[in-house]
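Asks: Have a peek at input.txt (compact mmCIF, C-alpha atoms).
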```txt
# COMPACT_ATOMS: atom_id res chain seq x y z
CA MET A 1300 114.31 106.43 130.63
CA ARG A 1301 117.41 108.02 132.11
CA ARG A 1302 116.57 106.70 135.60
CA ALA A 1303 114.88 103.48 134.48
CA LEU A 1304 117.94 101.70 133.11
CA PRO A 1305 120.14 101.91 136.25
CA PHE A 1306 117.12 101.03 138.40
CA LEU A 1307 116.29 97.99 136.30
CA LEU A 1308 119.86 96.73 136.31
CA ALA A 1309 120.05 97.18 140.07
CA ALA A 1310 116.73 95.43 140.58
CA ALA A 1311 117.86 92.49 138.48
CA ALA A 1312 120.90 92.07 140.72
CA LEU A 1313 118.99 92.15 144.02
CA PRO A 1314 118.89 88.86 145.96
CA ALA A 1315 115.62 87.14 146.72
CA PRO A 1316 113.86 88.56 149.81
CA ALA A 1317 114.61 86.73 152.99
CA VAL A 1318 111.09 87.18 154.37
CA GLU A 1319 108.23 85.60 152.50
CA GLN A 1320 105.81 88.21 151.21
CA ASP A 1321 102.22 88.15 150.03
CA PRO A 1322 102.13 86.28 146.66
CA THR A 1323 99.75 88.92 145.25
CA VAL A 1324 102.19 91.72 146.09
CA LEU A 1325 105.08 89.77 144.63
CA GLU A 1326 103.17 89.12 141.43
CA ALA A 1327 102.24 92.81 141.07
CA ARG A 1328 105.83 93.87 141.59
CA ARG A 1329 107.02 91.25 139.15
CA ALA A 1330 104.55 92.54 136.53
CA GLN A 1331 105.70 96.13 137.06
CA LEU A 1332 109.34 95.09 136.75
CA GLU A 1333 108.59 93.13 133.58
CA ALA A 1334 106.75 96.08 132.01
CA LEU A 1335 109.68 98.36 132.88
CA ARG A 1336 112.13 95.84 131.49
CA ALA A 1337 110.19 95.61 128.21
CA GLU A 1338 110.11 99.43 127.84
CA VAL A 1339 113.81 99.77 128.54
CA ALA A 1340 114.62 96.84 126.24
CA GLU A 1341 112.82 98.52 123.33
CA GLN A 1342 114.73 101.77 123.80
CA LEU A 1343 117.97 99.91 124.40
CA GLN A 1344 117.54 97.95 121.18
CA LEU A 1345 117.09 101.13 119.12
CA GLN A 1346 120.10 102.76 120.77
CA ALA A 1347 122.21 99.64 120.14
CA PHE A 1348 121.17 99.67 116.46
CA ASP A 1349 122.10 103.36 116.29
CA LEU A 1350 125.59 102.64 117.66
CA LEU A 1351 126.07 99.78 115.19
CA ASP A 1352 125.04 102.06 112.30
CA GLU A 1353 127.57 104.63 113.45
CA LEU A 1354 130.27 101.95 113.70
CA VAL A 1355 129.62 100.62 110.19
CA PHE A 1356 129.40 104.14 108.78
CA GLY A 1357 132.86 104.82 110.20
CA TRP A 1358 134.17 101.72 108.42
CA THR A 1359 132.73 102.92 105.11
CA GLN A 1360 134.65 106.19 105.50
CA GLN A 1361 137.88 104.64 106.84
CA PRO A 1362 137.97 100.87 106.18
CA VAL A 1363 139.98 98.72 108.56
CA PHE A 1364 141.15 96.50 105.68
CA ALA A 1365 142.11 97.49 102.15
CA THR A 1366 140.45 94.44 100.58
CA ASP A 1367 137.54 92.17 101.44
CA THR A 1368 138.60 90.28 104.58
CA PRO A 1369 136.69 87.45 106.33
CA VAL A 1370 136.01 88.23 110.00
CA VAL A 1371 134.39 86.03 112.65
CA LEU A 1372 131.81 87.68 114.89
CA ALA A 1373 133.33 86.19 118.03
CA ASP A 1374 131.12 87.65 120.72
CA VAL A 1375 128.26 90.07 121.37
CA SER A 1376 127.66 91.02 124.99
CA VAL A 1377 124.65 93.01 126.25
CA PRO A 1378 123.81 94.58 129.62
CA VAL A 1379 122.84 92.22 132.40
CA GLY A 1380 119.18 91.27 132.42
CA PHE A 1381 118.41 91.41 128.69
CA GLY A 1382 119.48 87.91 127.70
CA SER A 1383 119.98 86.23 124.37
CA GLY A 1384 116.95 87.85 122.70
CA LEU A 1385 118.58 91.26 122.50
CA ARG A 1386 121.87 89.64 121.53
CA ALA A 1387 120.22 87.87 118.58
CA LEU A 1388 118.54 91.09 117.39
CA ILE A 1389 121.87 92.92 117.51
CA GLU A 1390 123.64 90.16 115.58
CA ASN A 1391 120.96 90.14 112.86
CA HIS A 1392 120.95 93.92 112.49
CA PHE A 1393 124.74 94.10 112.37
CA ALA A 1394 124.95 91.39 109.70
CA SER A 1395 122.22 93.09 107.64
CA VAL A 1396 123.90 96.51 107.72
CA LEU A 1397 127.32 95.03 106.97
CA VAL A 1398 126.03 93.13 103.92
CA ARG A 1399 124.37 96.27 102.52
CA ASN A 1400 127.59 98.28 102.86
CA PRO A 1401 130.35 96.34 101.05
CA GLY A 1402 132.61 99.37 101.24
CA THR A 1403 133.61 98.34 104.76
CA HIS A 1404 135.62 95.40 103.28
CA LEU A 1405 134.49 93.25 106.25
CA VAL A 1406 132.94 89.91 105.29
CA LEU A 1407 131.34 87.91 108.09
CA ALA A 1408 132.65 84.32 108.14
CA HIS A 1409 131.11 81.28 109.84
CA CYS A 1410 133.43 79.37 112.17
CA PRO A 1411 131.67 77.11 114.73
CA GLU A 1412 134.99 76.01 116.28
CA CYS A 1413 136.00 79.63 116.88
CA THR A 1414 133.05 80.32 119.18
CA ALA A 1415 132.80 76.83 120.69
CA VAL A 1416 134.55 75.85 123.93
CA VAL A 1417 137.67 73.77 123.25
CA VAL A 1418 140.14 72.04 125.54
CA HIS A 1419 143.85 72.45 124.91
CA SER A 1420 146.45 70.53 126.94
CA THR A 1421 150.17 71.20 126.96
CA ALA A 1422 153.04 70.42 129.31
CA ARG A 1423 152.24 73.65 131.15
CA GLY A 1424 148.62 72.67 131.81
CA THR A 1425 145.13 72.37 130.39
CA VAL A 1426 143.16 75.36 129.16
CA VAL A 1427 139.40 75.34 128.59
CA ALA A 1428 138.27 78.35 126.54
CA ARG A 1429 136.65 79.41 123.31
CA GLY A 1430 138.55 78.92 120.10
CA VAL A 1431 138.94 82.65 119.51
CA ASP A 1432 140.63 82.95 122.90
CA GLN A 1433 143.24 80.26 122.20
CA PRO A 1434 144.12 80.16 118.50
CA GLU A 1435 146.95 77.70 119.24
CA ALA A 1436 144.32 75.10 120.13
CA LEU A 1437 142.66 75.54 116.75
CA ALA A 1438 146.02 75.21 115.02
CA ALA A 1439 146.94 72.10 117.03
CA ALA A 1440 143.62 70.50 116.09
CA GLY A 1441 144.29 71.18 112.43
CA ILE A 1442 141.21 73.35 112.06
CA GLN A 1443 141.45 75.58 109.01
CA THR A 1444 139.27 78.69 109.23
CA ALA A 1445 138.47 81.11 106.45
CA SER A 1446 139.06 83.99 108.82
CA ARG A 1447 142.21 85.15 110.54
CA HIS A 1448 140.41 87.87 112.47
CA ALA A 1449 137.74 88.04 115.16
CA LEU A 1450 135.32 90.86 116.00
CA PHE A 1451 134.02 91.55 119.51
CA LEU A 1452 131.03 93.81 120.23
CA ASP A 1453 130.49 94.69 123.89
CA PHE A 1454 127.47 96.78 124.96
CA GLU A 1455 127.45 98.16 128.49
CA ALA A 1456 125.09 100.47 130.39
CA GLU A 1457 127.00 103.12 132.25
CA GLY A 1458 124.61 105.41 134.10
CA SER A 1459 122.30 106.93 131.51
CA ALA A 1460 124.63 106.07 128.62
CA LEU A 1461 124.84 102.98 126.44
CA VAL A 1462 128.44 102.28 125.42
CA LEU A 1463 129.66 100.12 122.55
CA ARG A 1464 133.23 98.86 122.63
CA ALA A 1465 134.27 97.20 119.39
CA ARG A 1466 137.61 95.54 118.70
CA ILE A 1467 139.11 93.37 115.98
CA THR A 1468 141.87 90.97 116.93
CA SER A 1469 144.12 88.78 114.86
CA LEU A 1470 143.71 85.01 115.47
CA THR A 1471 147.35 84.44 116.36
CA PRO A 1472 148.69 83.25 119.74
CA ALA A 1473 149.40 86.82 120.88
CA LEU A 1474 145.86 87.97 119.92
CA PRO A 1475 147.00 91.48 118.86
CA ILE A 1476 144.27 94.12 118.60
CA LEU A 1477 144.13 95.56 115.09
CA TYR A 1478 141.22 97.93 115.64
CA ALA A 1479 139.41 99.34 118.67
CA LYS A 1480 136.58 101.86 118.87
CA THR A 1481 134.35 103.11 121.68
CA LEU A 1482 131.01 104.77 120.90
CA SER A 1483 128.51 106.14 123.37
CA THR A 1484 124.98 107.49 123.28
CA THR A 1485 122.67 108.60 126.04
CA THR A 1486 119.60 106.42 126.50
CA SER A 1487 117.44 109.51 127.09
CA THR A 1488 117.83 110.73 123.48
CA PRO A 1489 115.87 109.24 120.55
CA ALA A 1490 117.66 106.98 118.09
CA LEU A 1491 118.41 108.37 114.64
CA LEU A 1492 116.95 105.32 112.84
CA ARG A 1493 119.20 105.61 109.80
CA SER A 1494 118.54 103.53 106.69
CA GLY A 1495 120.96 100.63 106.34
CA ASP A 1496 121.18 101.13 102.58
CA HIS A 1497 122.31 104.74 102.81
CA LEU A 1498 124.22 105.20 106.04
CA LYS A 1499 125.01 108.75 107.06
CA SER A 1500 126.93 110.34 109.87
CA ALA A 1501 125.07 111.30 113.02
CA GLU A 1502 125.36 114.98 112.06
CA GLU A 1503 123.87 114.39 108.60
CA ALA A 1504 121.08 112.20 109.97
CA ARG A 1505 120.27 114.82 112.60
CA LYS A 1506 120.18 117.55 109.95
CA GLU A 1507 117.76 115.54 107.80
CA TYR A 1508 115.59 114.97 110.87
CA LEU A 1509 115.50 118.71 111.59
CA ASP A 1510 114.84 119.49 107.91
CA ALA A 1511 111.83 117.20 108.03
CA LEU A 1512 110.53 118.95 111.15
CA GLU A 1513 111.11 122.37 109.61
CA GLY A 1514 109.40 121.65 106.30
CA ARG A 1515 111.00 118.96 104.10
CA GLY A 1516 114.04 120.92 103.03
CA PRO A 1517 114.50 124.47 101.74
CA VAL A 1518 113.04 123.98 98.23
CA ILE A 1519 109.71 122.52 97.14
CA ILE A 1520 107.95 122.39 93.75
CA PRO A 1521 104.34 123.65 93.87
CA LEU A 1522 101.89 122.86 91.06
CA ARG A 1523 98.98 125.32 91.15
CA ILE A 1524 95.54 125.15 89.55
CA GLY A 1525 93.65 128.43 89.88
CA VAL A 1526 90.89 130.62 88.51
CA ARG A 1527 90.73 134.41 88.21
CA THR A 1528 87.44 136.28 87.84
CA TYR A 1529 87.22 139.91 86.83
CA ALA A 1530 84.72 142.45 88.08
CA SER A 1531 82.06 143.56 85.61
CA GLY A 1532 82.55 147.09 84.36
CA ASN A 1533 80.36 149.40 82.35
CA GLY A 1534 80.90 147.03 79.49
CA ALA A 1535 81.65 147.66 75.89
CA PRO A 1536 78.46 147.99 73.82
CA VAL A 1537 78.25 145.72 70.85
CA PRO A 1538 77.35 147.57 67.64
CA GLY A 1539 73.74 146.76 66.83
CA GLY A 1540 73.54 144.61 69.95
CA GLY A 1541 70.62 146.40 71.52
CA GLY A 1542 72.45 147.38 74.71
CA ILE A 1543 74.34 144.09 75.15
CA ALA A 1544 77.74 144.63 76.79
CA ILE A 1545 80.83 142.45 76.80
CA SER A 1546 82.71 141.67 80.04
CA ALA A 1547 85.94 139.71 80.67
CA THR A 1548 85.43 135.99 81.19
CA PRO A 1549 87.08 134.07 84.11
CA LEU A 1550 90.45 132.52 83.29
CA VAL A 1551 91.62 129.10 84.50
CA TRP A 1552 95.40 128.88 85.01
CA LEU A 1553 97.78 125.95 85.36
CA MET A 1554 101.07 127.03 86.95
CA GLY A 1555 104.29 125.45 88.14
CA GLY A 1556 107.52 126.72 89.64
CA ALA A 1557 109.71 126.60 92.73
CA GLU A 1558 109.37 127.80 96.31
CA ILE A 1559 112.30 128.38 98.65
CA SER A 1560 112.40 128.92 102.39
CA LEU A 1561 114.10 132.21 103.27
CA THR A 1562 114.38 131.46 107.00
CA PRO A 1563 114.55 128.31 109.16
CA ALA A 1564 111.28 126.45 109.70
CA ARG A 1565 109.70 128.18 106.66
CA ALA A 1566 108.65 131.34 108.51
CA TRP A 1567 109.33 133.33 105.30
CA THR A 1568 109.11 131.85 101.81
CA ALA A 1569 109.52 133.12 98.27
CA SER A 1570 108.26 131.54 95.07
CA PHE A 1571 108.41 132.01 91.32
CA SER A 1572 106.12 130.29 88.85
CA VAL A 1573 104.98 130.40 85.25
CA GLY A 1574 101.67 129.26 83.83
CA ALA A 1575 99.28 129.19 80.90
CA THR A 1576 95.57 129.45 80.18
CA TRP A 1577 93.52 128.51 77.15
CA LEU A 1578 89.92 129.19 76.21
CA PRO A 1579 89.06 127.76 72.77
CA GLN A 1580 88.43 130.39 70.07
CA ILE A 1581 88.56 133.19 72.66
CA GLU A 1582 92.02 133.60 74.11
CA THR A 1583 95.35 132.01 75.02
CA GLY A 1584 97.52 133.43 77.76
CA PHE A 1585 100.83 133.13 79.59
CA MET A 1586 101.83 134.42 83.00
CA ALA A 1587 104.93 134.79 85.18
CA GLN A 1588 104.51 135.66 88.85
CA ALA A 1589 106.60 135.98 92.01
CA ARG A 1590 105.44 135.97 95.63
CA ILE A 1591 106.81 136.42 99.12
CA ALA A 1592 104.89 134.91 102.05
CA ARG A 1593 104.98 135.22 105.85
CA LEU A 1594 103.74 132.57 108.29
CA LEU A 1595 100.94 133.91 110.49
CA THR A 1596 100.26 130.90 112.73
CA GLY A 1597 103.39 130.83 114.88
CA SER A 1598 107.09 131.19 114.22
CA VAL A 1599 107.68 127.72 112.71
CA SER A 1600 105.66 125.55 110.34
CA SER A 1601 103.72 122.70 111.93
CA LEU A 1602 103.71 118.99 111.09
CA THR A 1603 100.37 118.39 112.81
CA HIS A 1604 98.27 121.50 112.06
CA PRO A 1605 97.70 123.57 108.89
CA ASP A 1606 99.79 126.71 108.45
CA LEU A 1607 98.31 130.04 107.39
CA TYR A 1608 100.46 132.34 105.25
CA ALA A 1609 99.88 135.90 104.07
CA PHE A 1610 101.52 136.78 100.79
CA VAL A 1611 102.07 139.63 98.37
CA GLY A 1612 103.23 139.22 94.81
CA GLY A 1613 103.48 140.56 91.32
CA SER A 1614 102.67 139.12 87.90
CA VAL A 1615 102.99 139.83 84.21
CA THR A 1616 100.29 138.45 81.91
CA SER A 1617 100.10 138.26 78.12
CA LEU A 1618 96.84 137.35 76.39
CA PHE A 1619 96.25 136.57 72.72
CA GLY A 1620 92.94 136.21 70.92
CA PRO A 1621 89.62 138.06 70.62
CA GLY A 1622 89.17 138.11 74.42
CA ALA A 1623 92.45 139.99 74.86
CA ALA A 1624 90.85 143.13 73.40
CA LEU A 1625 88.87 143.59 76.63
CA PHE A 1626 92.11 144.00 78.66
CA HIS A 1627 92.90 147.48 77.34
CA SER A 1628 92.44 150.93 78.83
CA GLY A 1629 89.28 152.74 77.86
CA ASN A 1630 86.77 151.16 75.51
CA PRO A 1631 88.01 148.09 73.67
CA ASP A 1632 88.16 148.24 69.89
CA LEU A 1633 85.32 145.85 69.09
CA THR A 1634 86.00 146.23 65.39
CA GLN A 1635 89.36 144.63 66.07
CA VAL A 1636 87.64 141.91 68.08
CA LEU A 1637 85.24 141.07 65.27
CA SER A 1638 87.92 141.23 62.60
CA GLY A 1639 90.13 138.94 64.65
CA VAL A 1640 87.47 136.27 64.39
CA LEU A 1641 87.62 136.44 60.61
CA THR A 1642 91.36 136.98 60.10
CA SER A 1643 94.60 135.59 61.50
CA VAL A 1644 95.52 138.92 63.14
CA GLN A 1645 94.55 138.47 66.79
CA PRO A 1646 94.32 141.17 69.48
CA GLN A 1647 97.05 141.07 72.11
CA SER A 1648 97.32 142.54 75.59
CA THR A 1649 100.13 142.56 78.16
CA PHE A 1650 99.56 143.94 81.66
CA GLY A 1651 100.96 143.68 85.19
CA GLY A 1652 99.27 142.79 88.45
CA LEU A 1653 99.80 143.10 92.21
CA GLN A 1654 98.40 140.38 94.48
CA VAL A 1655 97.52 140.25 98.18
CA GLY A 1656 96.16 137.06 99.66
CA LEU A 1657 96.13 134.21 102.17
CA GLU A 1658 97.21 130.59 101.74
CA LEU A 1659 96.38 127.65 104.00
CA ARG A 1660 99.12 125.02 103.73
CA ALA A 1661 98.89 121.49 105.20
CA LYS A 1662 102.29 119.88 105.95
CA ASN A 1663 103.80 121.53 102.88
CA ARG A 1664 101.96 119.05 100.68
CA ILE A 1665 98.72 120.74 99.69
CA GLY A 1666 97.53 124.32 99.95
CA PHE A 1667 94.52 126.50 99.21
CA ALA A 1668 94.88 130.23 98.48
CA VAL A 1669 92.54 133.16 97.88
CA PHE A 1670 93.70 136.58 96.76
CA MET A 1671 92.75 139.94 95.31
CA GLU A 1672 94.66 141.32 92.34
CA ALA A 1673 95.15 144.92 91.28
CA LEU A 1674 95.73 145.69 87.60
CA PRO A 1675 97.09 149.28 87.58
CA THR A 1676 97.21 149.61 83.79
CA LEU A 1677 93.52 148.67 83.53
CA ASN A 1678 92.12 151.11 86.08
CA ASP A 1679 90.17 152.93 83.37
CA ALA A 1680 89.19 149.87 81.30
CA SER A 1681 85.45 150.08 80.66
CA SER A 1682 85.01 146.30 80.36
CA ILE A 1683 86.64 145.56 83.73
CA GLY A 1684 85.22 146.91 86.98
CA LYS A 1685 86.50 147.03 90.55
CA TYR A 1686 85.83 144.67 93.44
CA VAL A 1687 87.50 147.07 95.89
CA ASP A 1688 88.40 150.70 95.23
CA TYR A 1689 90.79 152.53 97.53
CA GLY A 1690 91.44 155.35 95.08
CA ILE A 1691 95.06 154.80 94.17
CA LEU A 1692 94.79 151.06 94.75
CA GLN A 1693 91.97 149.28 92.95
CA PHE A 1694 91.41 145.51 92.90
CA GLN A 1695 89.81 144.32 89.68
CA ALA A 1696 90.34 140.54 90.00
CA PHE A 1697 89.61 137.85 92.57
CA GLY A 1698 91.38 134.48 92.46
CA ALA A 1699 91.49 131.09 94.14
CA GLU A 1700 94.13 128.39 93.79
CA VAL A 1701 94.82 124.83 94.90
CA ALA A 1702 98.51 123.93 95.20
CA PHE A 1703 100.10 120.47 95.26
CA CYS A 1704 103.68 120.52 96.57
CA PHE A 1705 106.41 118.05 95.62
```
Represent the structure of the file as structure tokens.
Replies:
Amino acid sequence: MRRALPFLLAAAALPAPAVEQDPTVLEARRAQLEALRAEVAEQLQLQAFDLLDELVFGWTQQPVFATDTPVVLADVSVPVGFGSGLRALIENHFASVLVRNPGTHLVLAHCPECTAVVVHSTARGTVVARGVDQPEALAAAGIQTASRHALFLDFEAEGSALVLRARITSLTPALPILYAKTLSTTTSTPALLRSGDHLKSAEEARKEYLDALEGRGPVIIPLRIGVRTYASGNGAPVPGGGGIAISATPLVWLMGGAEISLTPARAWTASFSVGATWLPQIETGFMAQARIARLLTGSVSSLTHPDLYAFVGGSVTSLFGPGAALFHSGNPDLTQVLSGVLTSVQPQSTFGGLQVGLELRAKNRIGFAVFMEALPTLNDASSIGKYVDYGILQFQAFGAEVAFCF
């Protein structure tokens, strides 16, 4: 793109060849030139829109006029070879952005005589020019315009840069310039494509673009649905049950919280969430947990491939109901379990957990996690066994979660 624009402009200015060439060769070259022109025109249009957005944004921050002022769009010039099509697109985009940002205090006014060619004769001679170039001709003709100001937008290609020169002049015989601004952007960089309804500076737009590439901002809200299963232990024999033993039932948890990126591009993240579980007539529970995660698949999160995180965390769980009696050290008091069914006094258990797991995250929108959980205070609970036993560290629970991120 950087070399295409100067080449195209130079090719458009070349004279016709003096020696007649093969029509097939000429047609092929013409097709190549047209394809190059179309590619450059598309990029040039986006860059021109970007410069207009920057110009209007500047007016919203520092208006040229204190009150709403009619202004005639006197002229829009584009680089040689792009014609009236690009000029019309620029005019439409500029008018659209200006209407959606009334804070500029510029109101486009229609004045056919201002842009039309008029003839003005005086004792010193005859002048043929546009109305905006000779306001005395408009005054002599008795033409009353709603605007006393004219706006000129000139786009020029200078090497690999596209330059916008904007100026506002007063429609008086001296044509004084009230405002002038020059903006430039290189044609080899992508346009920012800012929204016309919420214009931002180039720095802010660039930051939002980078935030999107690095993971949609530093904070997201994950909603997790998970299940925890507990290893079967020796069991707690039921009195008169003929050898039947009771084991902890799996718990389904619904959790929500916040996750924050600790480093750029979400290489490290930390989260905190709270949740609840409910099993009719058996138990009700609440949990608070915190995690810290490290990205394993690269140094930055990806927008095109899933990201794999390893995490460690801690949790505090409180259970209420007959099922909570199983989450105690030693043998559970089954008399308390049975009495809790008949009375309003329900068993209660509060214990902590340590988690180690993996989470597969797709574009920071949906994730799937599996983990093992150690429950240090329940190492000697007879109703809860161990999936993995490393002596000091024993994992009694296995969990899986699906996360939806907002």
Asks: Pick out the closest residue to Phe1626 in chain A from this set: A:Asp1688, A:Glu1455, A:Asp1349, A:Asp1679. Count only C-alpha atoms.
Replies: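 Looking only at the distances to Phe1626 in chain A, the closest residue turns out to be A:Asp1679.
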Asks: Go ahead and compute the interatomic distance for CA of Leu1659 in chain A and CA of Val1701 in chain A, in Å to one decimal.
Replies: 9.7 Å
Asks: I'd like the neighbourhood of range 1586-1603 of chain A as JSON, numbers by chain, where a residue qualifies if any of its atoms comes within 6 Å (using all atoms listed in the file), though same-chain residues fewer than 6 positions away should be ignored.
Replies: {"A": [1564, 1566, 1567, 1568, 1569, 1570, 1571, 1572, 1573, 1574, 1609, 1610, 1611, 1612, 1613, 1614, 1615, 1616, 1662]}
Asks: Would you mind reading off the distance between CA of Arg1523 in chain A and CA of Gln1580 in chain A, one decimal, in Å?
Replies: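 Between these atoms lies a distance of 24.1 Å.
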Asks: I need the residue nearest Arg1664 in chain A from this list: A:Ile1519, A:Ser1560, A:Glu1457, A:His1604. Use only C-alpha atoms for the distance.
Replies: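 Using only C-alpha atoms, the shortest distance to Arg1664 in chain A belongs to A:Ile1519.
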Asks: Please measure the separation of CA of Ala1575 in chain A and CA of Val1551 in chain A, giving the value in Å to one decimal.
Replies: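 Here the two named atoms are 8.5 Å from each other.
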Asks: Given the choices A:Ala1530, A:Leu1477, A:Leu1452, A:Cys1704, which gets closest to Asp1374 in chain A if the distance is worked out from only C-alpha atoms?
Replies: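 Looking at the shortest contact to Asp1374 in chain A, the residue is A:Leu1452.
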Asks: Every residue with an atom at most 10 Å from (133.5, 91.4, 103.7) (file coordinates; only C-alpha atoms) is what I'm after, so could you write them as a list in words?
Replies: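 With a cut-off of 10 Å, the residues come to Phe1364, Thr1366, Asp1367, Thr1368, Pro1369, Val1370, Leu1397, Val1398, Asn1400, Pro1401, Gly1402, Thr1403, His1404, Leu1405, Val1406, Leu1407 and Ala1408 of chain A.
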Asks: Given the choices A:Pro1472, A:Pro1434, A:Gly1622, A:Gly1651, which gets closest to Trp1577 in chain A if the distance is worked out from only C-alpha atoms?
Replies: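 Closest to Trp1577 in chain A of all the choices is A:Gly1622.
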Asks: Which of these residues is nearest to Cys1410 in chain A, using all atoms listed in the file: A:Val1371, A:Pro1605, A:Val1687, A:Leu1335?
Replies: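 Going through A:Val1371, A:Pro1605, A:Val1687, A:Leu1335 one by one, the smallest distance to Cys1410 in chain A is for A:Val1371.
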Asks: Would you mind telling me which residue in A:Leu1657, A:Pro1475, A:Met1671, A:Pro1621 lies nearest to Lys1685 in chain A when using all atoms listed in the file?
Replies: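 Of the candidates, the smallest distance to Lys1685 in chain A is held by A:Met1671.
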